[in-house]
Amino acid sequence: MNPEQRLNYLYKEYVRLSQQAEEYIRSAFDDFKLMGVIGATIALWKPIVDFIVLANPKIDYSGLLFLGFLSLLLVIAIIGFWNLIKQSFIIFFADNLQGYEKELRKELNELESSRVFNLNLEKEAKLLASYRVTFAAFLLIFALATTVIPFLILIFFKVIYSLIYLFLSLTIFGIYFRVLKKSTKKYLNE
């Protein structure tokens with residue numbers, strides 16, 4: 001393969017990987033929109049249960065409230081962990097892109113310090129620090145809202161349900177944060 005063909009091949013593969021990573025990024029942000037809708041549903045769940053019980057007073061109010069909050073929590077967990085899988089693919093593509101960029105710079109006779117084809121996440125400390133703070137704040141607020149609001153509502157109706165919900169919520173979010181930390185360790189170390 002001559003140098004021009006090699007450059008063309010590398011560039012096409014670089015574009016393909018970039019598009020794939022972009023698709024995963026877009027999809028990951030769509031998941032966060034969905035989690036926001038579910039988070040809003042948590043705030044509306046009590047009025048929905050009030051309406052259901054008003055229509056059928058034989059239903060156990062506290063049990064229905066608990067099962068609804070628990071179902072929403074599990075849906076949030078599934079979406080969150082699915083999003084972590086997507087983030088793993090994004091990191092995988094970023095790693096691969098860096099290899100192609102190195103080869104493209106070599107073919108173009110660019111210096112290693114050149115900004116041409118240089119998605120070097122290790123060097124993007126400011127961007128990653130900003131991302132880390134913003135993402136952590138978002139997740140913390142989201143975790144608190146989806147844990148505290150249902151807990152406070154449930155505690156007024158049945159303490160055991162509120163404690164079970166709090167335990168499960170803290171466990172799920174604890175596992176999520178641990179997996180997130182491990183999966184992004186390479187890029188988000190301070």
# chains A, B, ... in the order shown; residues from 1 in each chain; ligands from 1

$ select_by_dssp --residues "chain A" --states "alpha helix (DSSP H)" --output "JSON, numbers by chain"
{"A": [3, 4, 5, 6, 7, 8, 9, 10, 11, 12, 13, 14, 15, 16, 17, 18, 19, 20, 21, 22, 23, 24, 25, 26, 27, 28, 29, 30, 31, 32, 33, 34, 35, 36, 37, 38, 39, 40, 41, 42, 43, 44, 45, 46, 47, 48, 49, 50, 51, 52, 53, 54, 55, 61, 62, 63, 64, 65, 66, 67, 68, 69, 70, 71, 72, 73, 74, 75, 76, 77, 78, 79, 80, 81, 82, 83, 84, 85, 86, 87, 88, 89, 90, 91, 92, 93, 94, 95, 96, 97, 98, 99, 100, 101, 102, 103, 104, 105, 106, 107, 125, 126, 127, 128, 129, 130, 131, 132, 133, 134, 135, 136, 137, 138, 139, 140, 141, 142, 143, 144, 145, 146, 147, 148, 149, 150, 151, 152, 153, 154, 155, 159, 160, 161, 162, 163, 164, 165, 166, 167, 168, 169, 170, 171, 172, 173, 174, 175, 176, 177, 178, 179, 180, 181, 182, 183, 185, 186, 187, 188]}

$ residues_around --residues "Leu108 in chain A" --least-positions-apart "5" --cutoff "10 Å" --atoms "only C-alpha atoms" --output "list in words"
Pro3, Glu4, Leu7, Lys102, Glu103 and Val116 of chain A

$ closest_residue --among "A:Met1, A:Leu65, A:Leu44, A:Leu140" --to "Ile155 in chain A" --atoms "only C-alpha atoms"
A:Leu65

$ residues_around --residues "range 162-177 of chain A" --least-positions-apart "6" --cutoff "6 Å" --atoms "only C-alpha atoms" --output "PyMOL selection string"
chain A and resi 147+151+154-155

$ atom_distance --atom1 "CA of Ser18 in chain A" --atom2 "CA of Asn96 in chain A"
9.5 Å

$ closest_residue --among "A:Thr146, A:Thr184, A:Gln98, A:Ser130" --to "Leu17 in chain A" --atoms "only C-alpha atoms"
A:Gln98

$ atom_distance --atom1 "CA of Ile38 in chain A" --atom2 "CA of Leu72 in chain A"
6.8 Å

$ atom_distance --atom1 "CA of Ile91 in chain A" --atom2 "CA of Asn109 in chain A"
26.9 Å

$ closest_residue --among "A:Leu97, A:Val133, A:Ile90, A:Ile160" --to "Leu10 in chain A" --atoms "only C-alpha atoms"
A:Leu97

$ closest_residue --among "A:Arg16, A:Met35, A:Ala129, A:Lys181" --to "Val75 in chain A" --atoms "only C-alpha atoms"
A:Met35

$ closest_residue --among "A:Ala143, A:Ile149, A:Ala55, A:Ala94" --to "Glu22 in chain A" --atoms "only C-alpha atoms"
A:Ala94

$ closest_residue --among "A:Lys185, A:Ile141, A:Asp30, A:Trp45" --to "Leu70 in chain A" --atoms "only C-alpha atoms"
A:Trp45

$ residues_around --residues "Ile79 in chain A" --least-positions-apart "6" --cutoff "10 Å" --atoms "only C-alpha atoms" --output "ChimeraX atom specification"
/A:28,31-32,34-35,73,85

$ write_last_selection --atoms "all heavy atoms" --output "mmCIF file, in the first residue's frame"
data_model
loop_
_atom_site.group_PDB
_atom_site.id
_atom_site.type_symbol
_atom_site.label_atom_id
_atom_site.label_comp_id
_atom_site.auth_asym_id
_atom_site.auth_seq_id
_atom_site.Cartn_x
_atom_site.Cartn_y
_atom_site.Cartn_z
ATOM 1 N N ALA A 28 -26.195 8.478 24.627
ATOM 2 C CA ALA A 28 -26.023 8.599 26.083
ATOM 3 C C ALA A 28 -26.750 9.826 26.606
ATOM 4 O O ALA A 28 -27.383 9.783 27.670
ATOM 5 C CB ALA A 28 -24.543 8.659 26.434
ATOM 6 N N ASP A 31 -30.376 9.168 26.892
ATOM 7 C CA ASP A 31 -30.687 8.412 28.107
ATOM 8 C C ASP A 31 -30.862 9.338 29.304
ATOM 9 O O ASP A 31 -31.725 9.124 30.148
ATOM 10 C CB ASP A 31 -29.582 7.397 28.417
ATOM 11 C CG ASP A 31 -29.553 6.247 27.429
ATOM 12 O OD1 ASP A 31 -30.500 6.103 26.642
ATOM 13 O OD2 ASP A 31 -28.561 5.498 27.454
ATOM 14 N N PHE A 32 -30.015 10.367 29.400
ATOM 15 C CA PHE A 32 -30.136 11.302 30.514
ATOM 16 C C PHE A 32 -31.448 12.074 30.442
ATOM 17 O O PHE A 32 -32.057 12.375 31.464
ATOM 18 C CB PHE A 32 -28.942 12.263 30.573
ATOM 19 C CG PHE A 32 -27.729 11.629 31.148
ATOM 20 C CD1 PHE A 32 -26.597 11.445 30.381
ATOM 21 C CD2 PHE A 32 -27.720 11.179 32.461
ATOM 22 C CE1 PHE A 32 -25.476 10.846 30.914
ATOM 23 C CE2 PHE A 32 -26.607 10.569 33.004
ATOM 24 C CZ PHE A 32 -25.485 10.402 32.225
ATOM 25 N N LEU A 34 -34.202 10.835 29.288
ATOM 26 C CA LEU A 34 -35.183 9.854 29.755
ATOM 27 C C LEU A 34 -35.146 9.731 31.278
ATOM 28 O O LEU A 34 -36.188 9.659 31.930
ATOM 29 C CB LEU A 34 -34.917 8.498 29.097
ATOM 30 C CG LEU A 34 -35.896 7.379 29.383
ATOM 31 C CD1 LEU A 34 -37.310 7.781 28.986
ATOM 32 C CD2 LEU A 34 -35.483 6.122 28.632
ATOM 33 N N MET A 35 -33.940 9.732 31.850
ATOM 34 C CA MET A 35 -33.827 9.676 33.316
ATOM 35 C C MET A 35 -34.450 10.909 33.950
ATOM 36 O O MET A 35 -35.049 10.823 35.024
ATOM 37 C CB MET A 35 -32.358 9.537 33.722
ATOM 38 C CG MET A 35 -31.799 8.160 33.459
ATOM 39 S SD MET A 35 -30.041 8.007 33.792
ATOM 40 C CE MET A 35 -29.979 8.208 35.553
ATOM 41 N N LEU A 73 -37.371 3.512 40.476
ATOM 42 C CA LEU A 73 -35.954 3.408 40.847
ATOM 43 C C LEU A 73 -35.257 2.336 40.006
ATOM 44 O O LEU A 73 -34.139 2.541 39.524
ATOM 45 C CB LEU A 73 -35.806 3.087 42.338
ATOM 46 C CG LEU A 73 -34.388 2.880 42.850
ATOM 47 C CD1 LEU A 73 -33.590 4.185 42.765
ATOM 48 C CD2 LEU A 73 -34.419 2.363 44.288
ATOM 49 N N ILE A 85 -22.601 1.342 30.060
ATOM 50 C CA ILE A 85 -22.120 0.470 28.989
ATOM 51 C C ILE A 85 -21.792 1.310 27.759
ATOM 52 O O ILE A 85 -20.741 1.138 27.132
ATOM 53 C CB ILE A 85 -23.152 -0.634 28.664
ATOM 54 C CG1 ILE A 85 -23.268 -1.603 29.841
ATOM 55 C CG2 ILE A 85 -22.789 -1.367 27.372
ATOM 56 C CD1 ILE A 85 -24.424 -2.576 29.743
#

$ residues_around --residues "Tyr11 in chain A" --least-positions-apart "5" --cutoff "9 Å" --atoms "only C-alpha atoms" --output "list in words"
Arg6, Arg16, Tyr100, Glu101 and Leu104 of chain A

$ decode --residues "range 56-69 of chain A" --atoms "all heavy atoms" --output "compact mmCIF listing (two decimals), in the first residue's frame"
# COMPACT_ATOMS: atom_id res chain seq x y z
N ASN A 56 -60.40 3.65 43.53
CA ASN A 56 -60.59 2.31 44.08
C ASN A 56 -60.03 2.28 45.51
O ASN A 56 -58.87 1.93 45.72
CB ASN A 56 -59.88 1.28 43.19
CG ASN A 56 -60.20 -0.14 43.61
OD1 ASN A 56 -60.86 -0.39 44.61
ND2 ASN A 56 -59.71 -1.09 42.83
N PRO A 57 -60.86 2.60 46.51
CA PRO A 57 -60.38 2.71 47.89
C PRO A 57 -59.88 1.40 48.50
O PRO A 57 -59.24 1.41 49.55
CB PRO A 57 -61.61 3.21 48.65
CG PRO A 57 -62.59 3.66 47.64
CD PRO A 57 -62.24 3.00 46.35
N LYS A 58 -60.15 0.25 47.89
CA LYS A 58 -59.71 -1.03 48.43
C LYS A 58 -58.21 -1.26 48.26
O LYS A 58 -57.64 -2.12 48.90
CB LYS A 58 -60.47 -2.18 47.75
CG LYS A 58 -61.95 -2.17 48.03
CD LYS A 58 -62.63 -3.29 47.30
CE LYS A 58 -64.14 -3.21 47.52
NZ LYS A 58 -64.83 -4.25 46.78
N ILE A 59 -57.56 -0.47 47.42
CA ILE A 59 -56.13 -0.64 47.15
C ILE A 59 -55.33 -0.14 48.35
O ILE A 59 -55.62 0.89 48.93
CB ILE A 59 -55.73 0.14 45.87
CG1 ILE A 59 -56.40 -0.49 44.65
CG2 ILE A 59 -54.22 0.17 45.70
CD1 ILE A 59 -56.12 0.25 43.35
N ASP A 60 -54.28 -0.91 48.69
CA ASP A 60 -53.37 -0.52 49.77
C ASP A 60 -52.53 0.66 49.30
O ASP A 60 -51.64 0.51 48.46
CB ASP A 60 -52.48 -1.70 50.16
CG ASP A 60 -51.42 -1.33 51.20
OD1 ASP A 60 -51.66 -0.40 52.00
OD2 ASP A 60 -50.36 -1.98 51.20
N TYR A 61 -52.81 1.82 49.87
CA TYR A 61 -52.18 3.06 49.44
C TYR A 61 -50.66 3.01 49.60
O TYR A 61 -49.92 3.28 48.66
CB TYR A 61 -52.76 4.23 50.24
CG TYR A 61 -52.25 5.58 49.82
CD1 TYR A 61 -52.85 6.24 48.77
CD2 TYR A 61 -51.18 6.18 50.47
CE1 TYR A 61 -52.39 7.48 48.37
CE2 TYR A 61 -50.71 7.42 50.07
CZ TYR A 61 -51.33 8.07 49.02
OH TYR A 61 -50.87 9.29 48.61
N SER A 62 -50.18 2.65 50.79
CA SER A 62 -48.74 2.67 51.04
C SER A 62 -47.99 1.64 50.19
O SER A 62 -46.89 1.89 49.71
CB SER A 62 -48.44 2.46 52.53
OG SER A 62 -48.92 1.21 52.95
N GLY A 63 -48.60 0.50 49.98
CA GLY A 63 -47.99 -0.53 49.15
C GLY A 63 -47.88 -0.09 47.70
O GLY A 63 -46.85 -0.31 47.04
N LEU A 64 -48.92 0.53 47.19
CA LEU A 64 -48.91 1.02 45.81
C LEU A 64 -47.88 2.13 45.64
O LEU A 64 -47.14 2.17 44.65
CB LEU A 64 -50.30 1.52 45.42
CG LEU A 64 -50.49 1.96 43.97
CD1 LEU A 64 -50.20 0.81 43.01
CD2 LEU A 64 -51.90 2.49 43.76
N LEU A 65 -47.82 3.01 46.62
CA LEU A 65 -46.84 4.09 46.60
C LEU A 65 -45.42 3.52 46.58
O LEU A 65 -44.58 3.92 45.78
CB LEU A 65 -47.06 4.97 47.84
CG LEU A 65 -46.48 6.36 47.85
CD1 LEU A 65 -47.03 7.20 46.70
CD2 LEU A 65 -46.79 7.04 49.17
N PHE A 66 -45.18 2.55 47.46
CA PHE A 66 -43.86 1.91 47.55
C PHE A 66 -43.49 1.19 46.24
O PHE A 66 -42.40 1.36 45.71
CB PHE A 66 -43.85 0.92 48.72
CG PHE A 66 -42.60 0.08 48.79
CD1 PHE A 66 -41.38 0.64 49.10
CD2 PHE A 66 -42.66 -1.28 48.54
CE1 PHE A 66 -40.23 -0.14 49.17
CE2 PHE A 66 -41.53 -2.07 48.61
CZ PHE A 66 -40.30 -1.49 48.92
N LEU A 67 -44.40 0.38 45.71
CA LEU A 67 -44.12 -0.35 44.47
C LEU A 67 -43.88 0.59 43.30
O LEU A 67 -43.01 0.32 42.45
CB LEU A 67 -45.27 -1.31 44.16
CG LEU A 67 -45.37 -2.53 45.07
CD1 LEU A 67 -46.60 -3.36 44.72
CD2 LEU A 67 -44.11 -3.38 44.99
N GLY A 68 -44.60 1.68 43.25
CA GLY A 68 -44.39 2.66 42.18
C GLY A 68 -43.02 3.29 42.26
O GLY A 68 -42.30 3.38 41.25
N PHE A 69 -42.65 3.75 43.46
CA PHE A 69 -41.32 4.35 43.63
C PHE A 69 -40.22 3.33 43.35
O PHE A 69 -39.22 3.63 42.71
CB PHE A 69 -41.14 4.90 45.05
CG PHE A 69 -41.84 6.21 45.28
CD1 PHE A 69 -42.44 6.46 46.50
CD2 PHE A 69 -41.87 7.20 44.32
CE1 PHE A 69 -43.07 7.67 46.75
CE2 PHE A 69 -42.49 8.41 44.55
CZ PHE A 69 -43.10 8.65 45.76
